[in-house]
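Listing of target.tsv, TSV, C-alpha atoms
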```
chain	number	residue	atom	x	y	z
L	1	MET	CA	-41.86	3.79	-95.73
L	2	ASP	CA	-44.08	4.99	-98.51
L	3	ILE	CA	-42.01	6.53	-101.36
L	4	ALA	CA	-44.18	9.66	-101.40
L	5	ILE	CA	-43.49	10.19	-97.69
L	6	ALA	CA	-39.78	9.31	-97.97
L	7	SER	CA	-39.35	12.11	-100.53
L	8	LEU	CA	-40.78	14.85	-98.27
L	9	PRO	CA	-38.46	17.34	-96.55
L	10	VAL	CA	-37.58	16.24	-93.03
L	11	ILE	CA	-37.95	17.91	-89.65
L	12	ASP	CA	-36.20	16.36	-86.66
L	13	PHE	CA	-38.35	16.56	-83.55
L	14	TRP	CA	-36.39	16.30	-80.28
L	15	PHE	CA	-38.66	15.74	-77.30
L	16	GLU	CA	-38.99	14.29	-73.79
L	17	PHE	CA	-42.09	12.78	-72.18
L	18	GLY	CA	-41.33	14.67	-68.96
L	19	SER	CA	-41.36	18.06	-70.71
L	20	ASN	CA	-44.64	19.99	-70.61
L	21	TYR	CA	-43.94	22.08	-73.71
L	22	SER	CA	-43.02	18.85	-75.53
L	23	TYR	CA	-46.56	17.69	-74.70
L	24	LEU	CA	-48.01	20.50	-76.83
L	25	SER	CA	-45.78	19.67	-79.80
L	26	VAL	CA	-46.27	15.90	-79.56
L	27	MET	CA	-50.02	16.47	-79.74
L	28	ARG	CA	-49.79	18.93	-82.65
L	29	ILE	CA	-46.88	17.90	-84.86
L	30	GLU	CA	-48.31	15.07	-86.95
L	31	GLN	CA	-51.26	17.15	-88.14
L	32	GLU	CA	-49.23	20.34	-88.69
L	33	ALA	CA	-46.46	18.48	-90.54
L	34	GLU	CA	-49.02	16.84	-92.80
L	35	LYS	CA	-50.47	20.26	-93.67
L	36	ALA	CA	-46.95	21.57	-94.38
L	37	ARG	CA	-46.08	18.38	-96.33
L	38	VAL	CA	-43.10	17.68	-94.13
L	39	ARG	CA	-41.93	14.33	-92.73
L	40	VAL	CA	-41.36	14.12	-88.97
L	41	ARG	CA	-38.34	12.21	-87.69
L	42	TRP	CA	-39.02	11.45	-84.01
L	43	GLN	CA	-35.95	12.01	-81.82
L	44	PRO	CA	-36.69	11.05	-78.21
L	45	PHE	CA	-33.95	11.95	-75.71
L	46	LEU	CA	-33.36	12.38	-71.98
L	47	LEU	CA	-33.55	16.01	-70.87
L	48	GLY	CA	-32.13	15.29	-67.39
L	49	PRO	CA	-28.48	14.86	-68.48
L	50	VAL	CA	-28.73	18.06	-70.56
L	51	PHE	CA	-29.87	20.02	-67.50
L	52	GLN	CA	-27.19	18.31	-65.39
L	53	SER	CA	-24.55	19.48	-67.89
L	54	PHE	CA	-25.62	23.05	-66.98
L	55	GLY	CA	-25.20	22.24	-63.28
L	56	TRP	CA	-28.97	22.01	-62.71
L	57	THR	CA	-30.44	19.28	-60.54
L	58	THR	CA	-33.94	19.49	-62.05
L	59	SER	CA	-36.11	21.47	-64.47
L	60	PRO	CA	-35.55	25.26	-64.59
L	61	PHE	CA	-39.31	25.55	-63.95
L	62	VAL	CA	-38.67	24.03	-60.53
L	63	LEU	CA	-35.40	25.89	-59.87
L	64	GLN	CA	-36.84	29.28	-60.86
L	65	LYS	CA	-39.93	29.78	-58.73
L	66	ALA	CA	-41.41	32.83	-60.51
L	67	LYS	CA	-41.04	31.25	-63.94
L	68	GLY	CA	-42.33	27.93	-62.65
L	69	GLU	CA	-45.58	29.46	-61.39
L	70	TYR	CA	-46.06	31.26	-64.69
L	71	VAL	CA	-45.46	28.12	-66.74
L	72	TRP	CA	-48.51	26.32	-65.31
L	73	ARG	CA	-50.80	29.23	-66.15
L	74	ASP	CA	-49.21	29.44	-69.60
L	75	MET	CA	-49.88	25.72	-70.12
L	76	GLU	CA	-53.53	26.11	-69.09
L	77	ARG	CA	-54.01	28.89	-71.61
L	78	LEU	CA	-52.13	27.10	-74.41
L	79	CYS	CA	-54.08	23.86	-73.91
L	80	LEU	CA	-57.28	25.88	-74.16
L	81	LYS	CA	-55.97	27.52	-77.36
L	82	TYR	CA	-54.97	24.18	-78.95
L	83	ASP	CA	-58.05	22.39	-77.56
L	84	LEU	CA	-55.98	19.87	-75.60
L	85	PRO	CA	-56.86	18.29	-72.25
L	86	TRP	CA	-54.74	19.52	-69.34
L	87	LYS	CA	-54.18	18.61	-65.71
L	88	LYS	CA	-51.25	20.12	-63.86
L	89	PRO	CA	-48.92	17.22	-63.02
L	90	GLY	CA	-48.72	16.53	-59.30
L	91	ASN	CA	-45.15	15.38	-59.85
L	92	PHE	CA	-42.87	17.38	-62.17
L	93	PRO	CA	-40.73	16.69	-64.07
L	94	ARG	CA	-41.80	13.06	-64.32
L	95	SER	CA	-39.19	10.41	-64.98
L	96	ALA	CA	-39.78	8.75	-68.37
L	97	ILE	CA	-36.82	6.47	-69.02
L	98	LEU	CA	-38.78	3.34	-69.92
L	99	PRO	CA	-41.32	5.21	-72.10
L	100	LEU	CA	-38.38	6.89	-73.88
L	101	ARG	CA	-36.63	3.55	-74.40
L	102	VAL	CA	-39.78	2.28	-76.09
L	103	ALA	CA	-39.91	5.51	-78.13
L	104	VAL	CA	-36.31	5.03	-79.32
L	105	LEU	CA	-37.24	1.51	-80.39
L	106	GLY	CA	-40.41	2.62	-82.15
L	107	ALA	CA	-39.16	5.88	-83.68
L	108	GLU	CA	-39.61	4.62	-87.26
L	109	GLU	CA	-42.69	2.51	-86.58
L	110	PRO	CA	-46.17	3.46	-87.78
L	111	TRP	CA	-47.41	3.42	-84.15
L	112	MET	CA	-44.87	6.02	-82.90
L	113	ALA	CA	-46.99	9.19	-83.11
L	114	GLU	CA	-49.99	7.64	-81.37
L	115	TYR	CA	-47.80	6.00	-78.74
L	116	CYS	CA	-46.24	9.38	-77.92
L	117	ARG	CA	-49.57	11.16	-77.75
L	118	ARG	CA	-50.95	8.52	-75.37
L	119	MET	CA	-47.88	8.70	-73.14
L	120	MET	CA	-48.05	12.49	-73.00
L	121	GLN	CA	-51.75	12.53	-72.16
L	122	ILE	CA	-51.21	10.11	-69.29
L	123	ASN	CA	-48.60	12.51	-67.86
L	124	PHE	CA	-50.25	15.87	-68.62
L	125	ALA	CA	-53.99	15.14	-68.85
L	126	GLN	CA	-54.37	12.22	-66.42
L	127	ASP	CA	-51.57	13.17	-64.00
L	128	ARG	CA	-50.30	9.58	-63.67
L	129	GLU	CA	-46.75	8.23	-63.40
L	130	ILE	CA	-45.42	6.86	-66.69
L	131	ASP	CA	-42.02	5.37	-65.86
L	132	ASN	CA	-43.05	1.80	-65.04
L	133	ALA	CA	-43.59	-1.42	-66.97
L	134	ALA	CA	-47.25	-1.74	-65.94
L	135	LEU	CA	-48.17	1.62	-67.42
L	136	VAL	CA	-46.15	1.14	-70.60
L	137	THR	CA	-47.73	-2.30	-71.03
L	138	GLU	CA	-51.19	-0.80	-70.54
L	139	VAL	CA	-50.53	1.72	-73.32
L	140	LEU	CA	-49.08	-0.81	-75.76
L	141	VAL	CA	-51.90	-3.30	-75.12
L	142	ALA	CA	-54.51	-0.57	-75.65
L	143	MET	CA	-52.85	0.01	-79.04
L	144	LYS	CA	-53.02	-3.76	-79.77
L	145	LEU	CA	-49.24	-3.99	-79.94
L	146	PRO	CA	-47.13	-6.97	-78.69
L	147	ALA	CA	-46.30	-5.34	-75.35
L	148	ALA	CA	-44.08	-8.08	-73.90
L	149	ASP	CA	-41.94	-8.28	-77.05
L	150	ILE	CA	-41.58	-4.53	-77.28
L	151	LEU	CA	-40.64	-4.17	-73.62
L	152	LYS	CA	-38.06	-6.91	-73.93
L	153	GLN	CA	-36.44	-5.22	-76.92
L	154	ALA	CA	-36.67	-1.80	-75.26
L	155	LEU	CA	-34.72	-3.15	-72.30
L	156	SER	CA	-31.95	-4.73	-74.38
L	157	ASP	CA	-28.45	-3.34	-73.86
L	158	GLU	CA	-28.35	-2.24	-77.47
L	159	ASN	CA	-31.53	-0.21	-77.14
L	160	LYS	CA	-30.53	1.31	-73.79
L	161	LEU	CA	-27.29	2.43	-75.44
L	162	LYS	CA	-29.32	3.92	-78.30
L	163	LEU	CA	-31.17	6.24	-75.89
L	164	ARG	CA	-27.87	7.29	-74.27
L	165	ARG	CA	-26.48	8.03	-77.73
L	166	GLN	CA	-29.58	10.06	-78.61
L	167	THR	CA	-29.01	12.19	-75.52
L	168	GLU	CA	-25.31	12.64	-76.32
L	169	THR	CA	-26.23	13.67	-79.87
L	170	ALA	CA	-28.73	16.18	-78.51
L	171	MET	CA	-25.99	17.79	-76.42
L	172	THR	CA	-23.54	17.79	-79.34
L	173	LYS	CA	-26.14	19.58	-81.44
L	174	GLY	CA	-26.44	22.33	-78.81
L	175	ILE	CA	-29.92	21.35	-77.64
L	176	PHE	CA	-30.63	23.04	-74.29
L	177	GLY	CA	-34.34	22.35	-73.86
L	178	ALA	CA	-37.34	20.51	-75.28
L	179	PRO	CA	-39.02	20.45	-77.63
L	180	SER	CA	-36.39	21.39	-80.21
L	181	PHE	CA	-36.75	21.10	-83.96
L	182	PHE	CA	-34.01	20.80	-86.56
L	183	VAL	CA	-34.18	21.43	-90.27
L	184	GLY	CA	-30.70	20.35	-91.29
L	185	ASP	CA	-28.44	22.26	-88.88
L	186	GLU	CA	-31.03	24.97	-88.21
L	187	MET	CA	-32.36	24.72	-84.65
L	188	PHE	CA	-35.74	25.96	-83.47
L	189	TRP	CA	-36.44	25.81	-79.76
L	190	GLY	CA	-39.82	25.43	-78.13
L	191	ASN	CA	-43.37	24.63	-79.12
L	192	ASP	CA	-43.71	28.33	-80.01
L	193	ARG	CA	-41.37	27.72	-82.97
L	194	LEU	CA	-43.05	24.62	-84.41
L	195	ASP	CA	-44.90	26.59	-87.09
L	196	ASP	CA	-41.81	28.61	-88.06
L	197	ALA	CA	-39.74	25.43	-88.22
L	198	LEU	CA	-42.25	23.75	-90.53
L	199	LEU	CA	-42.40	26.82	-92.77
L	200	PHE	CA	-38.60	26.93	-92.87
L	201	CYS	CA	-38.48	23.23	-93.73
L	202	ARG	CA	-40.97	23.64	-96.54
L	203	ALA	CA	-39.19	26.76	-97.89
L	204	GLN	CA	-35.78	25.01	-97.86
L	205	SER	CA	-37.09	22.18	-99.98
L	206	GLY	CA	-38.28	24.58	-102.68
Y	1	MET	CA	-55.97	61.47	-73.60
Y	2	ASP	CA	-58.66	61.11	-76.22
Y	3	ILE	CA	-61.91	59.77	-74.66
Y	4	ALA	CA	-62.21	57.09	-77.35
Y	5	ILE	CA	-58.72	55.83	-76.49
Y	6	ALA	CA	-59.23	56.14	-72.72
Y	7	SER	CA	-62.23	53.81	-72.95
Y	8	LEU	CA	-60.29	50.98	-74.65
Y	9	PRO	CA	-59.22	47.90	-72.68
Y	10	VAL	CA	-55.67	48.23	-71.37
Y	11	ILE	CA	-52.57	46.09	-71.78
Y	12	ASP	CA	-49.56	46.81	-69.58
Y	13	PHE	CA	-46.33	46.42	-71.50
Y	14	TRP	CA	-43.26	45.81	-69.30
Y	15	PHE	CA	-40.03	46.18	-71.22
Y	16	GLU	CA	-36.32	47.05	-71.04
Y	17	PHE	CA	-34.20	48.72	-73.72
Y	18	GLY	CA	-31.40	46.23	-73.06
Y	19	SER	CA	-33.64	43.22	-73.79
Y	20	ASN	CA	-33.52	41.84	-77.32
Y	21	TYR	CA	-36.95	40.24	-77.21
Y	22	SER	CA	-38.34	43.55	-75.91
Y	23	TYR	CA	-36.99	45.08	-79.13
Y	24	LEU	CA	-39.38	42.95	-81.17
Y	25	SER	CA	-42.39	43.92	-79.06
Y	26	VAL	CA	-41.51	47.62	-78.89
Y	27	MET	CA	-41.43	47.67	-82.68
Y	28	ARG	CA	-44.69	45.74	-83.08
Y	29	ILE	CA	-46.98	46.66	-80.21
Y	30	GLU	CA	-48.47	49.99	-81.29
Y	31	GLN	CA	-49.65	48.64	-84.62
Y	32	GLU	CA	-50.88	45.32	-83.19
Y	33	ALA	CA	-52.70	47.01	-80.30
Y	34	GLU	CA	-54.41	49.38	-82.71
Y	35	LYS	CA	-55.66	46.42	-84.77
Y	36	ALA	CA	-56.90	44.75	-81.58
Y	37	ARG	CA	-58.42	48.04	-80.34
Y	38	VAL	CA	-56.44	47.88	-77.12
Y	39	ARG	CA	-54.65	50.70	-75.30
Y	40	VAL	CA	-50.98	50.18	-74.43
Y	41	ARG	CA	-49.71	51.34	-71.03
Y	42	TRP	CA	-45.91	51.55	-71.33
Y	43	GLN	CA	-44.15	50.18	-68.25
Y	44	PRO	CA	-40.38	50.60	-68.54
Y	45	PHE	CA	-38.34	48.88	-65.83
Y	46	LEU	CA	-34.80	47.71	-65.06
Y	47	LEU	CA	-34.25	44.03	-65.77
Y	48	GLY	CA	-30.85	43.90	-64.00
Y	49	PRO	CA	-32.23	43.96	-60.43
Y	50	VAL	CA	-34.74	41.23	-61.36
Y	51	PHE	CA	-31.94	38.98	-62.60
Y	52	GLN	CA	-29.87	39.86	-59.53
Y	53	SER	CA	-32.76	38.75	-57.32
Y	54	PHE	CA	-32.31	35.27	-58.89
Y	55	GLY	CA	-28.60	35.37	-58.08
Y	56	TRP	CA	-27.63	36.08	-61.69
Y	57	THR	CA	-24.92	38.60	-62.53
Y	58	THR	CA	-26.09	39.19	-66.10
Y	59	SER	CA	-28.57	38.01	-68.76
Y	60	PRO	CA	-29.33	34.27	-68.87
Y	61	PHE	CA	-28.38	34.46	-72.55
Y	62	VAL	CA	-24.84	35.26	-71.44
Y	63	LEU	CA	-24.81	32.83	-68.49
Y	64	GLN	CA	-26.16	29.93	-70.55
Y	65	LYS	CA	-23.83	29.55	-73.51
Y	66	ALA	CA	-25.92	27.13	-75.61
Y	67	LYS	CA	-29.08	29.20	-75.21
Y	68	GLY	CA	-27.15	32.41	-75.84
Y	69	GLU	CA	-25.86	31.22	-79.20
Y	70	TYR	CA	-29.32	30.10	-80.21
Y	71	VAL	CA	-30.91	33.42	-79.25
Y	72	TRP	CA	-28.92	35.39	-81.83
Y	73	ARG	CA	-29.96	33.06	-84.63
Y	74	ASP	CA	-33.55	33.21	-83.36
Y	75	MET	CA	-33.42	37.01	-83.42
Y	76	GLU	CA	-32.10	37.03	-86.99
Y	77	ARG	CA	-34.96	34.83	-88.13
Y	78	LEU	CA	-37.62	36.75	-86.17
Y	79	CYS	CA	-36.44	40.12	-87.51
Y	80	LEU	CA	-36.69	38.70	-91.02
Y	81	LYS	CA	-40.20	37.44	-90.22
Y	82	TYR	CA	-41.34	40.81	-88.80
Y	83	ASP	CA	-39.40	42.80	-91.43
Y	84	LEU	CA	-37.28	44.59	-88.81
Y	85	PRO	CA	-33.66	45.69	-89.17
Y	86	TRP	CA	-31.20	43.66	-87.08
Y	87	LYS	CA	-27.55	43.82	-86.14
Y	88	LYS	CA	-26.24	41.59	-83.37
Y	89	PRO	CA	-25.20	43.92	-80.53
Y	90	GLY	CA	-21.45	43.92	-79.95
Y	91	ASN	CA	-22.18	44.58	-76.28
Y	92	PHE	CA	-24.99	42.66	-74.55
Y	93	PRO	CA	-26.95	43.34	-72.46
Y	94	ARG	CA	-26.53	47.09	-72.91
Y	95	SER	CA	-27.02	49.36	-69.94
Y	96	ALA	CA	-30.04	51.63	-70.50
Y	97	ILE	CA	-30.61	53.50	-67.23
Y	98	LEU	CA	-30.82	57.00	-68.71
Y	99	PRO	CA	-33.00	55.95	-71.68
Y	100	LEU	CA	-35.29	54.16	-69.20
Y	101	ARG	CA	-35.47	57.23	-66.94
Y	102	VAL	CA	-36.61	59.25	-69.94
Y	103	ALA	CA	-39.11	56.48	-70.77
Y	104	VAL	CA	-40.55	56.58	-67.24
Y	105	LEU	CA	-40.97	60.33	-67.63
Y	106	GLY	CA	-42.56	60.05	-71.07
Y	107	ALA	CA	-44.71	56.97	-70.50
Y	108	GLU	CA	-47.98	58.87	-70.97
Y	109	GLU	CA	-46.67	61.29	-73.61
Y	110	PRO	CA	-47.65	61.09	-77.28
Y	111	TRP	CA	-43.96	60.70	-78.21
Y	112	MET	CA	-43.39	57.58	-76.08
Y	113	ALA	CA	-43.88	54.87	-78.72
Y	114	GLU	CA	-41.64	56.51	-81.27
Y	115	TYR	CA	-39.00	57.33	-78.65
Y	116	CYS	CA	-38.89	53.67	-77.62
Y	117	ARG	CA	-38.67	52.44	-81.19
Y	118	ARG	CA	-35.78	54.79	-81.93
Y	119	MET	CA	-33.92	53.76	-78.80
Y	120	MET	CA	-34.37	50.09	-79.59
Y	121	GLN	CA	-33.17	50.47	-83.16
Y	122	ILE	CA	-30.02	52.24	-82.03
Y	123	ASN	CA	-29.26	49.27	-79.77
Y	124	PHE	CA	-30.36	46.39	-82.01
Y	125	ALA	CA	-30.09	47.71	-85.58
Y	126	GLN	CA	-27.21	50.21	-85.28
Y	127	ASP	CA	-25.27	48.44	-82.51
Y	128	ARG	CA	-24.50	51.64	-80.62
Y	129	GLU	CA	-24.37	52.37	-76.89
Y	130	ILE	CA	-27.52	54.08	-75.59
Y	131	ASP	CA	-26.82	54.84	-71.94
Y	132	ASN	CA	-25.36	58.35	-72.28
Y	133	ALA	CA	-26.70	61.89	-72.42
Y	134	ALA	CA	-25.27	62.58	-75.89
Y	135	LEU	CA	-27.16	59.70	-77.46
Y	136	VAL	CA	-30.41	60.41	-75.63
Y	137	THR	CA	-30.14	64.08	-76.63
Y	138	GLU	CA	-29.55	63.06	-80.25
Y	139	VAL	CA	-32.74	60.98	-80.22
Y	140	LEU	CA	-34.89	63.65	-78.55
Y	141	VAL	CA	-33.59	66.39	-80.85
Y	142	ALA	CA	-34.27	64.25	-83.91
Y	143	MET	CA	-37.86	64.00	-82.62
Y	144	LYS	CA	-37.98	67.81	-82.22
Y	145	LEU	CA	-38.48	67.48	-78.46
Y	146	PRO	CA	-37.00	69.83	-75.80
Y	147	ALA	CA	-34.06	67.56	-75.03
Y	148	ALA	CA	-32.42	69.63	-72.26
Y	149	ASP	CA	-35.71	70.02	-70.35
Y	150	ILE	CA	-36.56	66.36	-70.65
Y	151	LEU	CA	-33.10	65.23	-69.53
Y	152	LYS	CA	-33.22	67.55	-66.54
Y	153	GLN	CA	-36.59	66.18	-65.45
Y	154	ALA	CA	-35.47	62.60	-66.14
Y	155	LEU	CA	-32.53	63.10	-63.77
Y	156	SER	CA	-34.61	64.56	-60.94
Y	157	ASP	CA	-34.66	62.56	-57.69
Y	158	GLU	CA	-38.40	62.11	-58.05
Y	159	ASN	CA	-38.07	60.57	-61.49
Y	160	LYS	CA	-35.13	58.36	-60.52
Y	161	LEU	CA	-37.24	57.05	-57.65
Y	162	LYS	CA	-40.06	56.41	-60.10
Y	163	LEU	CA	-37.89	54.03	-62.14
Y	164	ARG	CA	-36.79	52.23	-58.97
Y	165	ARG	CA	-40.45	51.87	-57.97
Y	166	GLN	CA	-41.33	50.51	-61.42
Y	167	THR	CA	-38.67	47.85	-61.01
Y	168	GLU	CA	-39.90	46.96	-57.51
Y	169	THR	CA	-43.45	46.72	-58.83
Y	170	ALA	CA	-42.26	44.42	-61.62
Y	171	MET	CA	-40.73	42.07	-59.04
Y	172	THR	CA	-43.84	42.19	-56.84
Y	173	LYS	CA	-45.93	41.21	-59.86
Y	174	GLY	CA	-43.76	38.13	-60.42
Y	175	ILE	CA	-42.11	39.42	-63.60
Y	176	PHE	CA	-39.00	37.33	-64.34
Y	177	GLY	CA	-38.12	38.50	-67.85
Y	178	ALA	CA	-38.92	41.00	-70.58
Y	179	PRO	CA	-41.04	41.72	-72.39
Y	180	SER	CA	-43.98	40.84	-70.15
Y	181	PHE	CA	-47.60	41.82	-70.73
Y	182	PHE	CA	-50.37	42.13	-68.18
Y	183	VAL	CA	-54.11	42.18	-68.71
Y	184	GLY	CA	-55.28	42.86	-65.18
Y	185	ASP	CA	-53.43	40.23	-63.13
Y	186	GLU	CA	-52.94	37.90	-66.07
Y	187	MET	CA	-49.28	37.72	-67.07
Y	188	PHE	CA	-47.98	36.85	-70.52
Y	189	TRP	CA	-44.23	36.46	-70.93
Y	190	GLY	CA	-42.25	37.10	-74.07
Y	191	ASN	CA	-42.73	38.59	-77.49
Y	192	ASP	CA	-44.15	35.19	-78.51
Y	193	ARG	CA	-47.20	35.93	-76.32
Y	194	LEU	CA	-47.98	39.46	-77.55
Y	195	ASP	CA	-50.73	38.28	-79.90
Y	196	ASP	CA	-52.30	36.01	-77.27
Y	197	ALA	CA	-52.18	38.81	-74.70
Y	198	LEU	CA	-53.94	41.23	-77.06
Y	199	LEU	CA	-56.60	38.63	-77.88
Y	200	PHE	CA	-57.09	37.95	-74.17
Y	201	CYS	CA	-57.38	41.69	-73.49
Y	202	ARG	CA	-59.95	42.15	-76.23
Y	203	ALA	CA	-61.93	39.08	-75.08
Y	204	GLN	CA	-61.97	40.24	-71.43
Y	205	SER	CA	-63.49	43.57	-72.39
Y	206	GLY	CA	-66.37	41.85	-74.21
```
The structure in this file should be written as structure tokens.
Amino acid sequence: MDIAIASLPVIDFWFEFGSNYSYLSVMRIEQEAEKARVRVRWQPFLLGPVFQSFGWTTSPFVLQKAKGEYVWRDMERLCLKYDLPWKKPGNFPRSAILPLRVAVLGAEEPWMAEYCRRMMQINFAQDREIDNAALVTEVLVAMKLPAADILKQALSDENKLKLRRQTETAMTKGIFGAPSFFVGDEMFWGNDRLDDALLFCRAQSG
Amino acid sequence: MDIAIASLPVIDFWFEFGSNYSYLSVMRIEQEAEKARVRVRWQPFLLGPVFQSFGWTTSPFVLQKAKGEYVWRDMERLCLKYDLPWKKPGNFPRSAILPLRVAVLGAEEPWMAEYCRRMMQINFAQDREIDNAALVTEVLVAMKLPAADILKQALSDENKLKLRRQTETAMTKGIFGAPSFFVGDEMFWGNDRLDDALLFCRAQSG
């Protein structure tokens, strides 16, 4: 990592490819963090086990009908506001274990941000399934990355364990939804708090 | 009502005195609506029956421990951001039936906005109970209003029914939390959407 970047204050960005509000933050965070002169540490995790720990079998947007209906209209409006493409997913929440395994592997790589944006757009702008090797290969190849190598590493026991550990860490930190941002121990929940979190991060660093 | 005000586009503001995020919007809305040249229609309602309709016995911030803990830190930060006083309520969510009955009665009165701000500050800045005649009288007297008259009208069968009807209307409209804003049929949920709702309202009116 570039020394100038390594010295910037850090925001931890906890997200899930299946989470619609994570989509908004994945698309926005690199640009906003650059403006705020903050370094993003990508923290992919599985939201399913977090919800299961609350006794939920799926997303609260599915369990709570009134809120669920609202959320899709909210997403439409927010995508318009942020100038992002949007197509209501025909299947929600989408499983994303393999894409997240690749994200855990690539978290520190220069291709991480673009990889995440592409994965999110396939889910929330193209309405396609993302949790299969063919799709992940398609994305990696389009980015001119060694897809077979990356998939092999992503599927190693060590890397699978890494994603489980990420999810356990998320729960230990009190994360209850995605996206969530941390500046040190300070948690900010939801895309609506991205700007506040970046301001807080910048202010903390003096 | 002043003709100039009557001709402004309207935002419906659904709120509850027991709701902490409603506190933020009650304190902010008059000033923000004036800037946006939008008229606020105050729509007090009872949040309890809405939560009960989801099978919940109390606020989700109480039922969901991790989210509940976060919410108080979020409130601290937001009150700092909006320059509002804040004291974590020792009792949450506070019952507010009598204050809401007075609010239903006063919804179109010139004293409504200030009455609501005072009630909210007693709950969320002074940490005192609000659902009793002594407290409501104290607030009305401090505003130089005919407290005894207002309380008597607030406790009439007709006015009690009016609050029940408000709450039923809220559920019919798909409201699942407070505050909620409506511009026509367009719902915006949460203090985080107040600015977007006002912009939408202004844009709709041309």
How close does each residue of chain L get to chain Y, giving the shortest atom pair and distance in Å to one decimal for every residue with an atom at most 7 Å away, counting all atoms listed in the file, sorted by chain and residue number, as JSON lines?
```
{"residue": "L:Ala66", "atom": "CA", "partner": "Y:Gly174", "partner_atom": "CA", "distance": 5.8}
{"residue": "L:Lys67", "atom": "CA", "partner": "Y:Phe176", "partner_atom": "CA", "distance": 6.4}
{"residue": "L:Gly174", "atom": "CA", "partner": "Y:Ala66", "partner_atom": "CA", "distance": 5.8}
{"residue": "L:Phe176", "atom": "CA", "partner": "Y:Ala66", "partner_atom": "CA", "distance": 6.4}
```
Nearest to Glu138 (chain Y) by atom-to-atom distance, counting all atoms listed in the file, from Y:Leu8, Y:Met119, Y:Met1, Y:Leu47: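 Of all the options, Y:Met119 lies closest to Glu138 (chain Y).
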May I have the residues within 10 Å of Arg28 (chain L) as a VMD selection string, using only C-alpha atoms and disregarding those fewer than 4 positions away in the same chain? chain L and resid 22 to 24 32 to 33 82 84 117 191 194
What lies within 10 Å of Arg39 (chain Y) using all atoms listed in the file, ignoring chain neighbours under 4 positions off, as number ranges by chain? Y: 5-12, 29-30, 33-34, 198, 201
The selected residues should be written to file as a PDB file, keeping the file's coordinate frame (atoms: C-alpha atoms).
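Everything below was put into again.pdb:
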```pdb
ATOM      1  CA  ILE Y   5     -58.720  55.830 -76.490  1.00  0.00           C
ATOM      2  CA  ALA Y   6     -59.230  56.140 -72.720  1.00  0.00           C
ATOM      3  CA  SER Y   7     -62.230  53.810 -72.950  1.00  0.00           C
ATOM      4  CA  LEU Y   8     -60.290  50.980 -74.650  1.00  0.00           C
ATOM      5  CA  PRO Y   9     -59.220  47.900 -72.680  1.00  0.00           C
ATOM      6  CA  VAL Y  10     -55.670  48.230 -71.370  1.00  0.00           C
ATOM      7  CA  ILE Y  11     -52.570  46.090 -71.780  1.00  0.00           C
ATOM      8  CA  ASP Y  12     -49.560  46.810 -69.580  1.00  0.00           C
ATOM      9  CA  ILE Y  29     -46.980  46.660 -80.210  1.00  0.00           C
ATOM     10  CA  GLU Y  30     -48.470  49.990 -81.290  1.00  0.00           C
ATOM     11  CA  ALA Y  33     -52.700  47.010 -80.300  1.00  0.00           C
ATOM     12  CA  GLU Y  34     -54.410  49.380 -82.710  1.00  0.00           C
ATOM     13  CA  LEU Y 198     -53.940  41.230 -77.060  1.00  0.00           C
ATOM     14  CA  CYS Y 201     -57.380  41.690 -73.490  1.00  0.00           C
TER      15      CYS Y 201
END
```
Hey, what's within 10 Å of region 142-148 of chain Y if we count all atoms listed in the file and toss same-chain stuff fewer than 3 positions away? As number ranges by chain, please? Y: 111, 114-115, 118, 133, 136-139, 151-154
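Of the residues under consideration (Y:Gly106, Y:Gly48, Y:Pro99, Y:Gly68), Y:Pro99 shows the shortest atom-to-atom contact distance to Met120 (chain Y) when counting all atoms listed in the file.
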Determine the nearest neighbour of Phe17 (chain L) from the options L:Lys162, L:Arg128, L:Arg41, L:Arg94, counting all atoms listed in the file. L:Arg94
Min atom-atom distance to Pro110 (chain L) from the set L:Val141, L:Ile97, L:Met27, L:Val40, counting all atoms listed in the file, belongs to L:Val40
List the neighbours of Leu46 (chain L) out to 9 Å using all atoms listed in the file; skip same-chain residues closer than 3 positions along the sequence, and give me the result as a list in words. Phe15, Glu16, Phe17, Gly18, Pro49, Val50, Ala96, Ile97, Leu100, Leu163, Arg164, Gln166, Thr167 and Ala170 of chain L
CA of Gln126 (chain Y) to CA of Val26 (chain Y): how many Å, to one decimal? 15.9 Å
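Going from CA of Phe13 (chain Y) over to CA of Ser180 (chain Y), you cover 6.2 Å.
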Can you work out the spacing between CA of Ala125 (chain Y) and CA of Ala113 (chain Y) in Å, to one decimal?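 Separating CA of Ala125 (chain Y) from CA of Ala113 (chain Y) is a distance of 17.0 Å.
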